[in-house]
Structure formats: C-alpha cells, structure tokens
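Trainee: Below you'll find data35.cif; it's mmCIF, C-alpha atoms (C1' of nucleotides).
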data_upload
#
loop_
_atom_site.label_atom_id
_atom_site.label_comp_id
_atom_site.auth_asym_id
_atom_site.auth_seq_id
_atom_site.Cartn_x
_atom_site.Cartn_y
_atom_site.Cartn_z
CA MET A 1 0.00 0.00 0.00
CA PRO A 2 2.19 2.83 -1.25
CA SER A 3 0.91 5.56 1.01
CA ASP A 4 2.80 8.50 -0.38
CA ALA A 5 4.87 7.12 -3.19
CA LEU A 6 7.65 9.65 -2.77
CA TRP A 7 8.28 9.74 0.92
CA LEU A 8 7.92 8.01 4.24
CA THR A 9 5.70 9.03 7.11
CA PRO A 10 7.55 9.95 10.31
CA SER A 11 6.71 6.62 11.87
CA GLU A 12 7.80 4.71 8.80
CA LEU A 13 10.95 6.78 8.63
CA ARG A 14 11.88 6.00 12.23
CA ALA A 15 11.25 2.30 11.70
CA TRP A 16 13.24 2.27 8.48
CA LEU A 17 16.21 4.17 9.87
CA GLY A 18 16.18 1.94 12.90
CA LEU A 19 16.23 -1.16 10.78
CA VAL A 20 19.04 0.16 8.62
CA ALA A 21 21.06 1.03 11.71
CA VAL A 22 20.55 -2.45 13.14
CA ALA A 23 21.50 -4.04 9.85
CA GLU A 24 24.64 -1.95 9.88
CA LEU A 25 25.71 -2.63 13.45
CA LEU A 26 24.72 -6.22 14.07
CA PRO A 27 26.99 -7.95 11.54
CA ALA A 28 29.96 -5.88 12.65
CA GLN A 29 29.51 -6.90 16.27
CA LEU A 30 29.03 -10.55 15.38
CA ASP A 31 32.22 -10.46 13.35
CA SER A 32 34.08 -8.77 16.12
CA GLN A 33 33.03 -11.26 18.80
CA LEU A 34 33.79 -14.31 16.68
CA GLN A 35 37.05 -12.85 15.44
CA HIS A 36 38.14 -12.20 18.98
CA ASP A 37 37.05 -15.52 20.47
CA ALA A 38 37.76 -17.94 17.63
CA GLY A 39 39.61 -16.09 14.89
CA LEU A 40 36.62 -16.56 12.62
CA THR A 41 34.51 -14.31 10.49
CA HIS A 42 30.79 -14.61 11.00
CA PHE A 43 30.62 -15.97 7.50
CA GLU A 44 33.34 -18.52 8.18
CA TYR A 45 31.47 -19.55 11.29
CA GLN A 46 28.29 -19.95 9.27
CA VAL A 47 30.11 -22.20 6.83
CA LEU A 48 31.45 -24.40 9.60
CA ALA A 49 28.08 -24.40 11.33
CA MET A 50 26.24 -25.49 8.20
CA LEU A 51 28.69 -28.30 7.70
CA SER A 52 28.34 -29.34 11.33
CA GLU A 53 24.62 -29.81 10.83
CA ALA A 54 24.87 -31.63 7.53
CA ARG A 55 24.69 -35.38 7.09
CA SER A 56 28.19 -36.76 7.59
CA ARG A 57 29.31 -33.19 8.01
CA THR A 58 29.69 -32.88 4.28
CA LEU A 59 28.10 -30.61 1.72
CA ARG A 60 28.59 -29.79 -1.90
CA MET A 61 30.02 -26.37 -2.60
CA SER A 62 26.89 -25.24 -4.44
CA ASP A 63 24.63 -26.26 -1.60
CA LEU A 64 26.86 -24.56 0.89
CA ALA A 65 26.90 -21.41 -1.21
CA ARG A 66 23.13 -21.37 -1.48
CA ARG A 67 22.55 -21.86 2.23
CA THR A 68 25.07 -19.23 3.28
CA ASN A 69 23.97 -16.73 0.67
CA ALA A 70 27.42 -16.63 -0.86
CA THR A 71 28.65 -16.49 -4.42
CA LEU A 72 30.60 -19.51 -5.51
CA PRO A 73 33.88 -17.63 -5.93
CA ARG A 74 33.62 -16.21 -2.45
CA LEU A 75 32.91 -19.60 -0.95
CA SER A 76 35.75 -21.13 -2.90
CA HIS A 77 38.22 -18.62 -1.50
CA VAL A 78 36.94 -18.99 2.04
CA VAL A 79 36.99 -22.77 1.95
CA ARG A 80 40.53 -22.73 0.65
CA ARG A 81 41.59 -20.66 3.64
CA LEU A 82 39.67 -22.88 6.02
CA GLU A 83 41.34 -25.86 4.42
CA ASP A 84 44.74 -24.26 4.95
CA ARG A 85 43.84 -24.01 8.62
CA GLY A 86 42.85 -27.66 8.75
CA LEU A 87 39.20 -26.99 9.57
CA VAL A 88 37.76 -28.31 6.32
CA GLU A 89 38.70 -30.78 3.62
CA ARG A 90 37.77 -30.79 -0.03
CA ALA A 91 37.26 -33.89 -2.12
CA PRO A 92 35.88 -34.44 -5.60
CA CYS A 93 32.34 -35.74 -5.62
CA ALA A 94 31.80 -39.30 -6.85
CA ASP A 95 28.32 -38.81 -8.31
CA ASP A 96 29.11 -35.71 -10.31
CA ARG A 97 32.69 -35.30 -11.28
CA ARG A 98 32.30 -31.57 -11.72
CA ALA A 99 31.28 -31.13 -8.11
CA THR A 100 33.34 -30.76 -4.95
CA ASN A 101 32.43 -31.91 -1.46
CA ALA A 102 33.43 -29.87 1.55
CA HIS A 103 33.85 -31.88 4.72
CA LEU A 104 34.29 -30.65 8.28
CA THR A 105 37.40 -32.09 9.92
CA ALA A 106 37.60 -33.12 13.54
CA ALA A 107 39.44 -29.90 14.30
CA GLY A 108 36.71 -27.95 12.57
CA TRP A 109 34.03 -29.73 14.53
CA ASP A 110 35.83 -29.07 17.78
CA LEU A 111 36.15 -25.41 16.95
CA VAL A 112 32.44 -25.09 16.23
CA VAL A 113 31.51 -26.88 19.44
CA GLN A 114 33.90 -24.70 21.34
CA THR A 115 32.70 -21.49 19.74
CA ALA A 116 28.95 -21.95 19.70
CA PRO A 117 28.19 -21.14 23.36
CA GLY A 118 29.96 -17.80 23.15
CA HIS A 119 28.14 -16.99 19.96
CA VAL A 120 24.79 -17.81 21.53
CA ALA A 121 25.71 -15.70 24.50
CA THR A 122 26.39 -12.81 22.15
CA ALA A 123 23.05 -13.29 20.46
CA ARG A 124 21.44 -13.05 23.87
CA ALA A 125 23.48 -10.10 25.01
CA LEU A 126 22.93 -8.05 21.88
CA VAL A 127 19.32 -8.84 21.11
CA VAL A 128 17.37 -11.71 22.58
CA ASP A 129 17.64 -10.90 26.24
CA ALA A 130 16.65 -7.32 25.60
CA LEU A 131 13.28 -8.41 24.26
CA SER A 132 10.15 -9.61 26.01
CA ALA A 133 8.56 -12.87 24.94
CA GLU A 134 5.96 -10.88 23.05
CA GLN A 135 8.63 -8.87 21.29
CA VAL A 136 10.43 -12.03 20.29
CA ALA A 137 7.24 -13.22 18.67
CA GLN A 138 6.85 -9.89 16.90
CA LEU A 139 10.42 -10.03 15.65
CA GLU A 140 9.88 -13.52 14.36
CA ASP A 141 6.80 -12.36 12.53
CA LEU A 142 8.40 -9.22 11.12
CA THR A 143 11.49 -10.94 9.83
CA ARG A 144 9.39 -13.64 8.22
CA THR A 145 7.41 -10.97 6.39
CA MET A 146 10.49 -9.05 5.33
CA LEU A 147 12.27 -12.16 4.13
CA LEU A 148 9.40 -12.81 1.77
CA ARG A 149 10.60 -9.70 -0.07
CA LEU A 150 14.31 -9.83 0.62
CA ASP A 151 14.69 -13.52 -0.10
CA PRO A 152 11.79 -14.60 -2.29
CA GLU A 153 13.50 -17.86 -3.15
CA GLY A 154 13.81 -18.65 0.53
CA ARG A 155 17.40 -19.75 0.18
CA LEU A 156 18.32 -18.45 3.59
CA THR A 157 16.79 -20.07 6.63
CA PRO A 158 15.87 -23.03 4.47
CA PRO A 159 15.96 -25.43 7.41
CA LEU A 160 12.79 -23.74 8.61
CA ASP A 161 11.39 -27.23 8.57
CA GLU A 162 14.06 -28.25 10.99
CA VAL A 163 13.83 -25.17 13.11
CA GLY A 164 10.09 -25.54 13.11
CA ARG A 165 10.26 -28.85 14.86
CA ASP A 166 10.59 -28.17 18.54
CA ASP A 167 13.34 -30.67 19.09
CA GLU A 168 16.34 -29.46 20.97
CA GLY A 169 19.96 -30.23 21.61
CA ARG A 170 20.37 -31.98 18.34
CA ASP A 171 23.54 -32.60 16.43
CA GLY A 172 25.13 -29.36 15.37
CA ALA A 173 26.01 -27.04 18.20
CA SER A 174 25.52 -24.13 15.87
CA ALA A 175 23.08 -21.31 15.97
CA THR A 176 24.27 -19.96 12.65
CA MET B 1 16.40 -12.61 31.49
CA PRO B 2 18.79 -15.38 30.38
CA SER B 3 16.28 -18.17 30.02
CA ASP B 4 18.64 -21.02 29.27
CA ALA B 5 22.06 -19.51 29.29
CA LEU B 6 23.44 -21.93 26.73
CA TRP B 7 20.82 -22.08 24.05
CA LEU B 8 17.87 -20.39 22.45
CA THR B 9 14.27 -21.53 22.56
CA PRO B 10 12.78 -22.45 19.19
CA SER B 11 10.93 -19.18 19.00
CA GLU B 12 13.99 -17.18 19.95
CA LEU B 13 16.03 -19.11 17.44
CA ARG B 14 13.63 -18.37 14.61
CA ALA B 15 13.56 -14.69 15.51
CA TRP B 16 17.33 -14.54 15.77
CA LEU B 17 18.00 -16.35 12.51
CA GLY B 18 15.45 -14.17 10.80
CA LEU B 19 17.10 -11.04 12.07
CA VAL B 20 20.54 -12.22 11.01
CA ALA B 21 19.23 -13.07 7.57
CA VAL B 22 17.65 -9.64 7.19
CA ALA B 23 20.82 -7.96 8.38
CA GLU B 24 22.70 -9.93 5.77
CA LEU B 25 20.40 -9.30 2.84
CA LEU B 26 19.20 -5.76 3.34
CA PRO B 27 22.53 -3.90 3.00
CA ALA B 28 23.42 -5.89 -0.08
CA GLN B 29 20.19 -4.96 -1.82
CA LEU B 30 20.50 -1.31 -0.86
CA ASP B 31 24.02 -1.24 -2.26
CA SER B 32 22.92 -2.94 -5.40
CA GLN B 33 20.04 -0.55 -6.10
CA LEU B 34 22.10 2.57 -5.42
CA GLN B 35 25.04 1.24 -7.37
CA HIS B 36 22.84 0.56 -10.33
CA ASP B 37 20.89 3.82 -10.26
CA ALA B 38 23.53 6.30 -9.15
CA GLY B 39 26.88 4.57 -9.08
CA LEU B 40 26.97 4.99 -5.32
CA THR B 41 27.56 2.71 -2.39
CA HIS B 42 24.96 2.88 0.32
CA PHE B 43 27.66 4.30 2.53
CA GLU B 44 28.59 6.95 -0.03
CA TYR B 45 24.94 7.83 -0.31
CA GLN B 46 24.71 8.17 3.44
CA VAL B 47 27.66 10.52 3.42
CA LEU B 48 26.12 12.72 0.75
CA ALA B 49 22.74 12.56 2.47
CA MET B 50 24.16 13.66 5.80
CA LEU B 51 25.89 16.56 4.13
CA SER B 52 22.71 17.51 2.31
CA GLU B 53 20.92 17.87 5.61
CA ALA B 54 23.67 19.77 7.37
CA ARG B 55 23.81 23.51 7.83
CA SER B 56 25.39 25.00 4.72
CA ARG B 57 25.85 21.45 3.51
CA THR B 58 29.11 21.25 5.37
CA LEU B 59 30.34 18.97 8.14
CA ARG B 60 33.61 18.26 9.83
CA MET B 61 35.10 14.91 9.03
CA SER B 62 34.83 13.72 12.62
CA ASP B 63 31.17 14.61 12.83
CA LEU B 64 30.50 12.91 9.55
CA ALA B 65 32.35 9.81 10.70
CA ARG B 66 30.38 9.65 13.92
CA ARG B 67 27.01 10.03 12.23
CA THR B 68 27.72 7.49 9.54
CA ASN B 69 29.29 5.00 11.93
CA ALA B 70 32.55 5.04 10.03
CA THR B 71 36.14 5.05 11.13
CA LEU B 72 38.07 8.16 10.20
CA PRO B 73 40.39 6.36 7.79
CA ARG B 74 37.47 4.86 5.95
CA LEU B 75 35.72 8.19 5.67
CA SER B 76 38.91 9.86 4.51
CA HIS B 77 39.27 7.38 1.67
CA VAL B 78 35.65 7.64 0.64
CA VAL B 79 35.61 11.42 0.70
CA ARG B 80 38.74 11.52 -1.42
CA ARG B 81 37.01 9.41 -4.06
CA LEU B 82 33.88 11.53 -3.86
CA GLU B 83 36.05 14.60 -4.24
CA ASP B 84 37.65 13.10 -7.34
CA ARG B 85 34.16 12.75 -8.74
CA GLY B 86 33.35 16.35 -7.98
CA LEU B 87 30.58 15.57 -5.51
CA VAL B 88 32.32 16.89 -2.42
CA GLU B 89 34.97 19.46 -1.59
CA ARG B 90 37.40 19.51 1.30
CA ALA B 91 38.69 22.65 2.96
CA PRO B 92 40.68 23.22 6.12
CA CYS B 93 38.57 24.40 9.02
CA ALA B 94 39.16 27.95 10.22
CA ASP B 95 38.33 27.39 13.89
CA ASP B 96 40.51 24.33 14.38
CA ARG B 97 43.38 24.05 11.98
CA ARG B 98 43.63 20.30 12.56
CA ALA B 99 40.13 19.78 11.27
CA THR B 100 38.79 19.44 7.74
CA ASN B 101 35.40 20.49 6.48
CA ALA B 102 33.60 18.42 3.90
CA HIS B 103 31.21 20.38 1.72
CA LEU B 104 28.61 19.09 -0.70
CA THR B 105 29.05 20.58 -4.18
CA ALA B 106 26.18 21.54 -6.46
CA ALA B 107 26.74 18.37 -8.42
CA GLY B 108 26.64 16.36 -5.20
CA TRP B 109 23.42 18.02 -4.17
CA ASP B 110 21.86 17.35 -7.54
CA LEU B 111 22.85 13.72 -7.35
CA VAL B 112 21.28 13.30 -3.92
CA VAL B 113 18.06 14.99 -5.02
CA GLN B 114 17.99 12.84 -8.10
CA THR B 115 18.71 9.63 -6.23
CA ALA B 116 16.54 9.98 -3.16
CA PRO B 117 13.17 9.06 -4.69
CA GLY B 118 14.48 5.78 -6.04
CA HIS B 119 16.03 5.00 -2.71
CA VAL B 120 12.78 5.67 -0.89
CA ALA B 121 10.97 3.52 -3.41
CA THR B 122 13.39 0.71 -2.63
CA ALA B 123 12.80 1.12 1.07
CA ARG B 124 9.11 0.76 0.39
CA ALA B 125 9.47 -2.14 -1.99
CA LEU B 126 11.75 -4.14 0.26
CA VAL B 127 10.25 -3.45 3.64
CA VAL B 128 7.83 -0.69 4.42
CA ASP B 129 5.03 -1.56 2.04
CA ALA B 130 5.10 -5.15 3.18
CA LEU B 131 4.18 -4.14 6.71
CA SER B 132 0.90 -3.08 8.24
CA ALA B 133 0.73 0.14 10.23
CA GLU B 134 0.82 -1.91 13.39
CA GLN B 135 3.88 -3.79 12.21
CA VAL B 136 5.63 -0.55 11.40
CA ALA B 137 5.04 0.56 14.96
CA GLN B 138 6.37 -2.74 16.24
CA LEU B 139 9.45 -2.46 14.08
CA GLU B 140 10.07 1.04 15.32
CA ASP B 141 9.80 -0.20 18.87
CA LEU B 142 11.98 -3.26 18.35
CA THR B 143 14.78 -1.39 16.62
CA ARG B 144 14.77 1.24 19.34
CA THR B 145 15.18 -1.47 21.94
CA MET B 146 17.90 -3.26 20.03
CA LEU B 147 19.81 -0.06 19.34
CA LEU B 148 20.03 0.51 23.07
CA ARG B 149 22.33 -2.50 23.10
CA LEU B 150 23.93 -2.25 19.69
CA ASP B 151 24.61 1.45 19.85
CA PRO B 152 24.66 2.48 23.51
CA GLU B 153 26.23 5.81 22.67
CA GLY B 154 23.38 6.53 20.29
CA ARG B 155 25.72 7.77 17.60
CA LEU B 156 23.55 6.44 14.85
CA THR B 157 20.13 7.94 14.34
CA PRO B 158 21.22 10.90 16.41
CA PRO B 159 18.80 13.25 14.66
CA LEU B 160 16.03 11.45 16.49
CA ASP B 161 15.11 14.91 17.66
CA GLU B 162 14.67 15.93 14.07
CA VAL B 163 12.90 12.79 13.02
CA GLY B 164 10.71 13.04 16.06
CA ARG B 165 9.26 16.32 14.93
CA ASP B 166 6.47 15.58 12.53
CA ASP B 167 7.54 18.11 9.98
CA GLU B 168 7.78 16.95 6.43
CA GLY B 169 9.34 17.80 3.14
CA ARG B 170 12.18 19.70 4.72
CA ASP B 171 15.55 20.48 3.27
CA GLY B 172 17.47 17.32 2.54
CA ALA B 173 15.78 14.99 0.16
CA SER B 174 17.52 12.12 1.85
CA ALA B 175 16.06 9.23 3.75
CA THR B 176 19.50 7.86 4.56
"C1'" DG C 1 28.00 -40.80 -31.23
"C1'" DT C 2 28.90 -36.09 -30.95
"C1'" DC C 3 28.11 -31.49 -30.45
"C1'" DG C 4 26.51 -27.33 -28.28
"C1'" DG C 5 24.99 -25.31 -24.31
"C1'" DA C 6 24.64 -25.19 -19.52
"C1'" DC C 7 26.33 -26.40 -14.86
"C1'" DG C 8 30.04 -26.62 -11.01
"C1'" DG C 9 34.05 -24.88 -9.57
"C1'" DT C 10 38.59 -22.44 -9.49
"C1'" DT C 11 41.76 -18.72 -10.35
"C1'" DG C 12 43.54 -13.88 -10.99
"C1'" DA C 13 42.88 -8.88 -10.88
"C1'" DC C 14 40.76 -5.04 -8.93
"C1'" DG C 15 38.35 -2.17 -5.19
"C1'" DC C 16 37.04 -1.16 -0.70
"C1'" DG C 17 37.52 -1.31 4.57
"C1'" DA C 18 40.50 -2.23 8.75
"C1'" DC C 19 44.61 -1.38 11.09
"C1'" DA C 20 48.80 0.92 12.19
"C1'" DA C 21 52.09 4.54 11.64
"C1'" DC C 22 52.76 9.20 11.02
"C1'" DT C 23 51.98 14.47 10.76
"C1'" DT C 24 50.04 18.46 12.33
"C1'" DC C 25 47.80 21.11 15.64
"C1'" DA C 26 45.32 22.29 20.19
"C1'" DC C 27 45.59 22.77 24.96
"C1'" DG C 28 46.90 22.27 29.88
"C1'" DC C 29 50.73 22.69 32.98
"C1'" DT C 30 54.70 24.56 34.83
"C1'" DA D 1 57.85 30.41 26.68
"C1'" DG D 2 58.21 25.29 26.47
"C1'" DC D 3 56.76 20.69 27.04
"C1'" DG D 4 53.71 16.70 26.69
"C1'" DT D 5 49.56 14.55 25.84
"C1'" DG D 6 45.99 13.73 23.04
"C1'" DA D 7 42.79 14.95 19.16
"C1'" DA D 8 42.02 15.35 13.82
"C1'" DG D 9 43.32 13.57 9.37
"C1'" DT D 10 45.99 11.34 5.96
"C1'" DT D 11 48.55 7.66 3.94
"C1'" DG D 12 50.20 2.83 3.06
"C1'" DT D 13 49.62 -2.08 3.62
"C1'" DC D 14 47.02 -6.08 3.98
"C1'" DG D 15 42.83 -9.19 3.71
"C1'" DC D 16 38.52 -10.22 1.95
"C1'" DG D 17 34.65 -10.03 -1.70
"C1'" DT D 18 33.32 -9.14 -6.54
"C1'" DC D 19 33.76 -9.66 -11.25
"C1'" DA D 20 35.28 -11.79 -15.43
"C1'" DA D 21 37.64 -15.37 -17.61
"C1'" DC D 22 38.52 -19.96 -17.70
"C1'" DC D 23 38.49 -25.39 -17.49
"C1'" DG D 24 36.24 -29.68 -17.01
"C1'" DT D 25 31.96 -32.21 -16.96
"C1'" DC D 26 27.09 -33.39 -17.78
"C1'" DC D 27 23.26 -33.90 -20.86
"C1'" DG D 28 19.83 -33.25 -24.37
"C1'" DA D 29 19.14 -32.86 -29.58
"C1'" DC D 30 20.01 -34.73 -33.73
#
As structure tokens, please, write out the structure in this file.
Mentor:
Amino acid sequence: MPSDALWLTPSELRAWLGLVAVAELLPAQLDSQLQHDAGLTHFEYQVLAMLSEARSRTLRMSDLARRTNATLPRLSHVVRRLEDRGLVERAPCADDRRATNAHLTAAGWDLVVQTAPGHVATARALVVDALSAEQVAQLEDLTRTMLLRLDPEGRLTPPLDEVGRDDEGRDGASAT
Amino acid sequence: MPSDALWLTPSELRAWLGLVAVAELLPAQLDSQLQHDAGLTHFEYQVLAMLSEARSRTLRMSDLARRTNATLPRLSHVVRRLEDRGLVERAPCADDRRATNAHLTAAGWDLVVQTAPGHVATARALVVDALSAEQVAQLEDLTRTMLLRLDPEGRLTPPLDEVGRDDEGRDGASAT
DNA sequence: GTCGGACGGTTGACGCGACAACTTCACGCT
DNA sequence: AGCGTGAAGTTGTCGCGTCAACCGTCCGAC
C-alpha cells in the first residue's frame, strides 16, 4: 500500500532508519566477537556451522553457497583458507565429477563446538535478552514478512522445517 | 532474562536467525540498487545525504564519521574518491586548523536529489510496504530497543530529535 | 555418437575497509 | 615560553569479496 509514493511518514521513517542502523551494526559486532574468540569471520562460522549440521558433516560447494547466501567464488576462497587451517577438507564428488564436497574435519568440529556457546551468549546479550517474549514473537513475525521480499527464493533459513520442529539439543552445536 | 544460558528456545532461534538473515540481505540490496541507479555505495549515499541535511551542507570529518558509523580512515578514503568525482569538496577548518570540512558541491546536491526518490521507493518495496501500520510501529519499537544495546552511545540515528518532529518535506531529500 | 549449451568450480585482478604509523595542531601545565 | 599529551586527518599495507575469464563435466538434440 504505497501511502505516499515519494516519501515516508515519520513513523515509517523511524522504523526504516532503525532497521538500517541495526543491519549496519549487528553484523559488525558478530564479526568482532567471533574474530576475537575464535579467529573466525561470521561468514566462516556460518560455513562451519552449516557443515556441522549436515549429514556426515559434508556438503557440496553449491549447496553450501546457497545456504550461506554466498557467491561460488567467495565460498571457494573462504573454503581454501579454512582448508589451509585444517578446519575443512575438499574432495571431488563421486556422483558428479564436476562437483566438490566440503567436509568438516575433527578440528573444525571441535572449533564449532567450542565457539557456539559464546556466539549464543552474544546473540542473547545483543538482542534476545533485551526483548520480552511478546517482542520475540513480533520479531519472528516481522522478519518472516520481510524475508518474503528480501529472499523470495527462501534460500536463507531453508531449514525452517528443521527449526520448526521443537526438538532441541540436536547434532550441530551451531546457531548460525 | 537469560532463560537457558546456553541455548535459544525455538521461538527465539527463529527470531534470531530471521534477524541475522535480514541484516545480511538488506545492506546488499541497498548497495545494489544505489550502485545501479547512481553509481553509489549505500555508505557513499549516506555521506552525501548527511551533508545535504547539514547547515550549509558542510560537516567536519569527525562529525560525519560519527554520524555514519565510520572510522576516520574509511571516511577519509571515501571522501577523497567523492572529491575526485566532484561531488564533495574539502577545505581546512578555520576554527581548528587540525580539522577538515567536507562540503557538498552543487553536483553532489543534484545527485542526492535525483537519487533519493528511487532509494525511498526501494525502502518501500523491500520493507515498508510489506508491513501493516501496526507492524511498522512494532518495528520502530523493536529497533529502538535493540539499538540501546547495539549502539549504547546513540551515535547512529542521532537526529532522532529531528525525526521526532512531525515536519515533512524539509531540506534534505535524503532518507539515509 | 557427438556437439553445443549449460552447470560446477577455481583462479587472478581489482576495489574497498581495517589497522597501524605518522603528521600536524590544540591545549593544559609549569 | 616550552613541554607533553591527546585529538584530527591522511597515507600505506594487507585481507577479503566481486567480477570476469577460464576449465572440465554433464546432458539433451540430432
């Protein structure tokens, strides 16, 4: 409902500026915490976390790229660095000889397990614990609505099926 | 209220992942629209927009850095490039001879005026128009709460005083 | 079969942001 | 006056992400 096509109402403007500010600050603080505690970028952590949740801790590069919202070149570079650090291994895929499988090593798994609690704590400290239960529900609702526009394909948060099931303490220690 | 210190409830997890996804996708799409339509980064646009709203379209580098959440080195680089493109001018400050004033040129002003409507349209298309009036109010509230944690100093969205006043159509065409 | 187009992935070059070192200037203290 | 600390900016270097070019592989049409 384009109210006034050319501008935003004061309330809309405040909401929009607030959202932009959050989107600016949040990633930086996540990066900074993970960099400090584990020497990882948030993106690198996401990669490891996705692998930690995958069957046999292995995923094809394309899948990994899709789920982490990365371009293939970017992922390729990042995985190479992670491989240099012994956190990930690459192996050609048997089914499709064009494809490459990325596999989380034991060291990589350990790092994720070790890092996850601090990351969750940060999520609480920066956002979750500041919100009431009702606000959490609102945030859930709002982000779902926005993602319909921002991510029409639904590539991100694809394991909504998994997250939807109220099982806990399952395999991967990750929280993305 | 740290519910379970080590993990997130399913609802919290969905809200958190949603927020992270939005924070990942939104800046990229803003950059992409502005890059396409005006050859500007979102950050460059913010710089020009802040200048367009300032008295005499001039701001000291430090002020500009604070309001755009940038480090001084980053701002210095960006302003140099903008200066090369004729959108901004730099001049030593009379009051404090250490300081530098950044001033928006006529060309810079024109570019902002020309670019703002498209940017606002993007804000609507990606977020605002997808939300009900009630949701806009919720978003405003949520971001305010989160920014208390993410930006305790309140450096971003400092012109809350200005935004708070329900005047419209004032000087700067910007919407950040 | 084989040929053309499309997919999966890697590599190299370029641009931007972070960090650290440095210069210049302001200001308080003696 | 003269000194020292710290603020304001700039510059150079390095690391990461994007883009374009590239190679190898799959697969459908004929």
Trainee: Once the PyMOL selection byres ((chain A and resi 56-65) around 9) has been applied to the shown file, what residues remain in the selection, as a PyMOL selection string?
Mentor: (chain A and resi 47+50-55+66-72+74-76+93+99-105+109) or (chain C and resi 8-9)
Trainee: Have a look at A:His36, A:Arg97, A:Arg85, A:His42 and name the one nearest to chain B; count all atoms listed in the file.
Mentor: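 Going through A:His36, A:Arg97, A:Arg85, A:His42 one by one, the smallest distance to chain B is for A:His42.
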Trainee: Please write as a list in words the full residue list that the PyMOL selection byres ((chain B) within 6 of (chain A)) yields on this file.
Mentor: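 Checked against the file, the PyMOL selection byres ((chain B) within 6 of (chain A)) matches Met1, Leu6, Ala15, Gly18, Ala23, Pro117, Leu126, Val127, Asp129, Leu139, Glu140, Thr143, Met146 and Arg149 of chain B.
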Trainee: Give me the residues near DA20 of chain D as a ChimeraX atom specification, where near means some atom within 12 Å (using all atoms listed in the file) and where sequence neighbours in that chain fewer than 4 positions away do not count.
Mentor: /A:73 /C:11-14
Trainee: Output C-alpha atoms (C1' of nucleotides) of each residue in that selection to a file, as an mmCIF file, keeping the file's coordinate frame.
Mentor:
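Result file follows (result29.cif):
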data_model
loop_
_atom_site.group_PDB
_atom_site.id
_atom_site.type_symbol
_atom_site.label_atom_id
_atom_site.label_comp_id
_atom_site.auth_asym_id
_atom_site.auth_seq_id
_atom_site.Cartn_x
_atom_site.Cartn_y
_atom_site.Cartn_z
ATOM 1 C CA PRO A 73 33.880 -17.630 -5.930
ATOM 2 C "C1'" DT C 11 41.760 -18.720 -10.350
ATOM 3 C "C1'" DG C 12 43.540 -13.880 -10.990
ATOM 4 C "C1'" DA C 13 42.880 -8.880 -10.880
ATOM 5 C "C1'" DC C 14 40.760 -5.040 -8.930
#
Trainee: Place a sphere of radius 10 Å on (24.7, -36.0, -34.3) in the file coordinates and name every protein, DNA or RNA residue with an atom inside or on its surface, counting all atoms listed in the file; give the answer as a list in words.
Mentor: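 Checked against the point, the hits come out as DG1, DT2 and DC3 of chain C; DA29 and DC30 of chain D.
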Trainee: Write to file, as a PDB file, keeping the file's coordinate frame, the residues of the selection just made, with C-alpha atoms (C1' of nucleotides).
Mentor:
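Once everything was written out, this is part-v5.pdb:
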ATOM      1  C1'  DG C   1      28.000 -40.800 -31.230  1.00  0.00           C
ATOM      2  C1'  DT C   2      28.900 -36.090 -30.950  1.00  0.00           C
ATOM      3  C1'  DC C   3      28.110 -31.490 -30.450  1.00  0.00           C
TER       4       DC C   3
ATOM      5  C1'  DA D  29      19.140 -32.860 -29.580  1.00  0.00           C
ATOM      6  C1'  DC D  30      20.010 -34.730 -33.730  1.00  0.00           C
TER       7       DC D  30
END
Trainee: Could you name the residues that touch DC26 of chain D at 9 Å or less, counting all atoms listed in the file, but leaving out those on the same chain fewer than 5 positions away, as a PyMOL selection string?
Mentor: (chain A and resi 96-98) or (chain C and resi 6-7)
Trainee: Go ahead and dump the residues you just picked, C-alpha atoms (C1' of nucleotides), as a short mmCIF file (atom, residue, chain, number, x, y, z; two decimals), in the frame of the given file.
Mentor:
data_model
loop_
_atom_site.label_atom_id
_atom_site.label_comp_id
_atom_site.auth_asym_id
_atom_site.auth_seq_id
_atom_site.Cartn_x
_atom_site.Cartn_y
_atom_site.Cartn_z
CA ASP A 96 29.11 -35.71 -10.31
CA ARG A 97 32.69 -35.30 -11.28
CA ARG A 98 32.30 -31.57 -11.72
"C1'" DA C 6 24.64 -25.19 -19.52
"C1'" DC C 7 26.33 -26.40 -14.86
#
Trainee: Quick check on the file I pasted: which residues fall under the PyMOL selection byres ((chain C and resi 27) around 12)? Write them as a PyMOL selection string.
Mentor: (chain B and resi 96) or (chain C and resi 25-26+28-29) or (chain D and resi 3-7)
Trainee: Interatomic distance between atom CA of Ser32 of chain B and atom C1' of DT13 of chain D?
Mentor: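 Result for atom CA of Ser32 of chain B versus atom C1' of DT13 of chain D: 28.2 Å, one decimal.
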Trainee: To one decimal place in Å, what is the distance between atom CA of Arg155 of chain A and atom CA of Thr115 of chain A?
Mentor: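 According to the coordinates, atom CA of Arg155 of chain A and atom CA of Thr115 of chain A are separated by 24.9 Å.
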Trainee: Return the single residue from A:Ala94, A:Val112, A:Val78, A:Ala107 that is closest to chain D, with distances computed using only C-alpha atoms (C1' of nucleotides).
Mentor: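 Nearest candidate to chain D out of A:Ala94, A:Val112, A:Val78, A:Ala107: A:Val78.
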Trainee: For chain C, which residues have at least one atom within 12 Å of chain B, if we go by all atoms listed in the file? Write them as a ChimeraX atom specification, please.
Mentor: /C:15-20,23-27
